[in-house]
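Single-structure report; data block below.
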Amino acid sequence: MGTVASLDIDAQKGFTPLCPNELPVVGGDEIVAALNAQAALASLRIGSKDAHPRNAAWVVTDPAGMLLPLDMPNADLTWPAHCVPGTPGFELLDGLPAPIDYDFFVWKGVEPDLHPYGACFHDLAERRS
């Protein structure tokens, strides 16, 4: 049997009703028990966080401007500011390990002109991680 890993991808408060002005998903704050149960079945626990700067080129302040196309090589849509380091939205959900306690952890989206959607690549061409 090979190594089994569990993945906690962007389990941050910015994607939950705890931060209603970011990108809240109904029930997003209720996933901790399931993530912890999944991790108990694995030998490795991997996590990631969005870590977007305040000055990101894709940020819009008006919700009506969200999801508009952009003519940028590595940011394709406009989004409200979310998961900015130092804010509550950047924090992992309560009940999850601290990033340092994961076996491997990825912070993504730190460049102001890059808005990655996955934890494996930092650019939309999937060439930079």
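Every chain in the structure tokens takes a letter, A first, then B, and so on in the order presented; its residues are numbered from 1, and the ligands are numbered from 1 following the presented order.
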
**Q.** For A:Pro69: contacts at 10 Å, only C-alpha atoms, fewer than 6 positions along chain excluded, given as a PyMOL selection string
**A.** chain A and resi 58+75-78

Residues as selected, C-alpha atoms, written as a PDB file, in the first residue's frame, can you do that?
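File part.pdb, as written:
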ATOM      1  CA  TRP A  58      -7.869  41.721  -9.858  1.00  0.00           C
ATOM      2  CA  ALA A  75      -5.543  36.507 -13.465  1.00  0.00           C
ATOM      3  CA  ASP A  76      -8.617  35.839 -15.547  1.00  0.00           C
ATOM      4  CA  LEU A  77     -11.453  37.287 -13.430  1.00  0.00           C
ATOM      5  CA  THR A  78     -12.113  40.077 -10.968  1.00  0.00           C
TER       6      THR A  78
END

Q: Once DSSP has gone over the backbone, tell me which residues of chain A are in helix (DSSP H, G or I), as JSON, numbers by chain.
A: {"A": [13, 14, 15, 28, 29, 30, 32, 33, 34, 35, 36, 37, 38, 39, 40, 63, 64, 65, 88, 89, 90, 99, 100, 101]}

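Of the listed residues (A:Asp29, A:Leu114, A:Phe105, A:Met66), A:Asp29 comes nearest to A:Pro17; the distances count only C-alpha atoms.
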
(Q) Restricting the calculation to only C-alpha atoms: of A:Thr61, A:Asn74, A:Gln38, A:Thr87, which residue gets closest to A:His122? (A) A:Asn74

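Using only C-alpha atoms, the contacts of A:Arg128 at a cut-off of 12 Å, with sequence neighbours closer than 6 positions omitted, comprise Asn74, Lys108, Gly109, Leu114, Pro116, Gly118, Ala119, Cys120, Phe121 and His122 of chain A.
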
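For the residues A:Pro63, A:Trp79, A:Leu7, A:Glu91, ranking by smallest atom-to-atom distance to A:Asn36 using only C-alpha atoms places A:Leu7 first.
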
Based on DSSP run over this structure's backbone, return all residues of stretch 28-129 of chain A in strand (DSSP E or B), as a PDB file with N, CA, C and O atoms, in the first residue's frame.
ATOM      1  N   LEU A  44      -0.073  11.434   5.792  1.00  0.00           N
ATOM      2  CA  LEU A  44       0.409  12.788   5.557  1.00  0.00           C
ATOM      3  C   LEU A  44      -0.771  13.742   5.515  1.00  0.00           C
ATOM      4  O   LEU A  44      -1.815  13.418   4.954  1.00  0.00           O
ATOM      5  N   ARG A  45      -0.574  14.930   6.086  1.00  0.00           N
ATOM      6  CA  ARG A  45      -1.607  15.966   6.018  1.00  0.00           C
ATOM      7  C   ARG A  45      -1.000  17.176   5.331  1.00  0.00           C
ATOM      8  O   ARG A  45       0.005  17.732   5.778  1.00  0.00           O
ATOM      9  N   ILE A  46      -1.633  17.580   4.235  1.00  0.00           N
ATOM     10  CA  ILE A  46      -1.147  18.681   3.417  1.00  0.00           C
ATOM     11  C   ILE A  46      -2.199  19.785   3.437  1.00  0.00           C
ATOM     12  O   ILE A  46      -3.391  19.508   3.391  1.00  0.00           O
ATOM     13  N   GLY A  47      -1.750  21.018   3.502  1.00  0.00           N
ATOM     14  CA  GLY A  47      -2.686  22.139   3.516  1.00  0.00           C
ATOM     15  C   GLY A  47      -2.241  23.254   2.602  1.00  0.00           C
ATOM     16  O   GLY A  47      -1.093  23.301   2.155  1.00  0.00           O
ATOM     17  N   SER A  48      -3.182  24.148   2.314  1.00  0.00           N
ATOM     18  CA  SER A  48      -2.854  25.337   1.529  1.00  0.00           C
ATOM     19  C   SER A  48      -3.698  26.507   2.009  1.00  0.00           C
ATOM     20  O   SER A  48      -4.723  26.325   2.661  1.00  0.00           O
ATOM     21  N   LYS A  49      -3.214  27.700   1.660  1.00  0.00           N
ATOM     22  CA  LYS A  49      -3.933  28.934   1.945  1.00  0.00           C
ATOM     23  C   LYS A  49      -3.792  29.883   0.769  1.00  0.00           C
ATOM     24  O   LYS A  49      -2.706  30.015   0.202  1.00  0.00           O
ATOM     25  N   ASP A  50      -4.887  30.561   0.424  1.00  0.00           N
ATOM     26  CA  ASP A  50      -4.771  31.756  -0.390  1.00  0.00           C
ATOM     27  C   ASP A  50      -4.053  32.787   0.476  1.00  0.00           C
ATOM     28  O   ASP A  50      -4.292  32.855   1.692  1.00  0.00           O
ATOM     29  N   VAL A  59      -8.578  42.863  -7.807  1.00  0.00           N
ATOM     30  CA  VAL A  59      -9.525  43.219  -6.744  1.00  0.00           C
ATOM     31  C   VAL A  59     -10.509  44.281  -7.211  1.00  0.00           C
ATOM     32  O   VAL A  59     -10.128  45.274  -7.835  1.00  0.00           O
ATOM     33  N   PRO A  69     -14.255  39.479 -16.812  1.00  0.00           N
ATOM     34  CA  PRO A  69     -13.010  38.984 -17.401  1.00  0.00           C
ATOM     35  C   PRO A  69     -11.904  40.034 -17.352  1.00  0.00           C
ATOM     36  O   PRO A  69     -12.157  41.234 -17.441  1.00  0.00           O
ATOM     37  N   LEU A  77     -10.190  36.702 -13.878  1.00  0.00           N
ATOM     38  CA  LEU A  77     -11.453  37.287 -13.430  1.00  0.00           C
ATOM     39  C   LEU A  77     -11.232  38.244 -12.276  1.00  0.00           C
ATOM     40  O   LEU A  77     -10.281  38.105 -11.513  1.00  0.00           O
ATOM     41  N   TRP A  79     -12.256  39.710  -8.578  1.00  0.00           N
ATOM     42  CA  TRP A  79     -12.745  39.137  -7.321  1.00  0.00           C
ATOM     43  C   TRP A  79     -12.696  40.210  -6.246  1.00  0.00           C
ATOM     44  O   TRP A  79     -11.866  41.111  -6.307  1.00  0.00           O
ATOM     45  N   LEU A  92      -6.894  29.969   9.098  1.00  0.00           N
ATOM     46  CA  LEU A  92      -7.528  28.662   8.934  1.00  0.00           C
ATOM     47  C   LEU A  92      -8.715  28.575   9.883  1.00  0.00           C
ATOM     48  O   LEU A  92      -8.777  29.282  10.897  1.00  0.00           O
ATOM     49  N   PHE A 104       3.147  19.234   4.993  1.00  0.00           N
ATOM     50  CA  PHE A 104       3.554  20.102   3.887  1.00  0.00           C
ATOM     51  C   PHE A 104       2.471  21.166   3.751  1.00  0.00           C
ATOM     52  O   PHE A 104       1.288  20.864   3.859  1.00  0.00           O
ATOM     53  N   PHE A 105       2.880  22.416   3.504  1.00  0.00           N
ATOM     54  CA  PHE A 105       1.912  23.502   3.418  1.00  0.00           C
ATOM     55  C   PHE A 105       2.304  24.443   2.292  1.00  0.00           C
ATOM     56  O   PHE A 105       3.480  24.745   2.104  1.00  0.00           O
ATOM     57  N   VAL A 106       1.294  24.928   1.546  1.00  0.00           N
ATOM     58  CA  VAL A 106       1.498  25.828   0.409  1.00  0.00           C
ATOM     59  C   VAL A 106       0.726  27.122   0.652  1.00  0.00           C
ATOM     60  O   VAL A 106      -0.458  27.079   0.979  1.00  0.00           O
ATOM     61  N   TRP A 107       1.416  28.259   0.465  1.00  0.00           N
ATOM     62  CA  TRP A 107       0.757  29.562   0.446  1.00  0.00           C
ATOM     63  C   TRP A 107       0.780  30.016  -0.997  1.00  0.00           C
ATOM     64  O   TRP A 107       1.827  29.985  -1.645  1.00  0.00           O
ATOM     65  N   LYS A 108      -0.365  30.441  -1.521  1.00  0.00           N
ATOM     66  CA  LYS A 108      -0.435  30.782  -2.939  1.00  0.00           C
ATOM     67  C   LYS A 108      -1.166  32.093  -3.151  1.00  0.00           C
ATOM     68  O   LYS A 108      -1.941  32.516  -2.320  1.00  0.00           O
TER      69      LYS A 108
END

Q.
Which residues are close to A:Val26, i.e. within 12 Å by only C-alpha atoms, leaving aside same-chain residues fewer than 5 positions away? Reply as a ChimeraX atom specification.
A. /A:13-20,31

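Distances here use only C-alpha atoms; by that measure, the residue among A:Leu35, A:Val110, A:Leu124, A:Ala98 closest to A:Ala51 is A:Val110.
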
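Proximity of A:Ser129, A:Thr3, A:Gln12, A:Asn21 to A:Asp62, computed with only C-alpha atoms, is greatest for A:Asn21.
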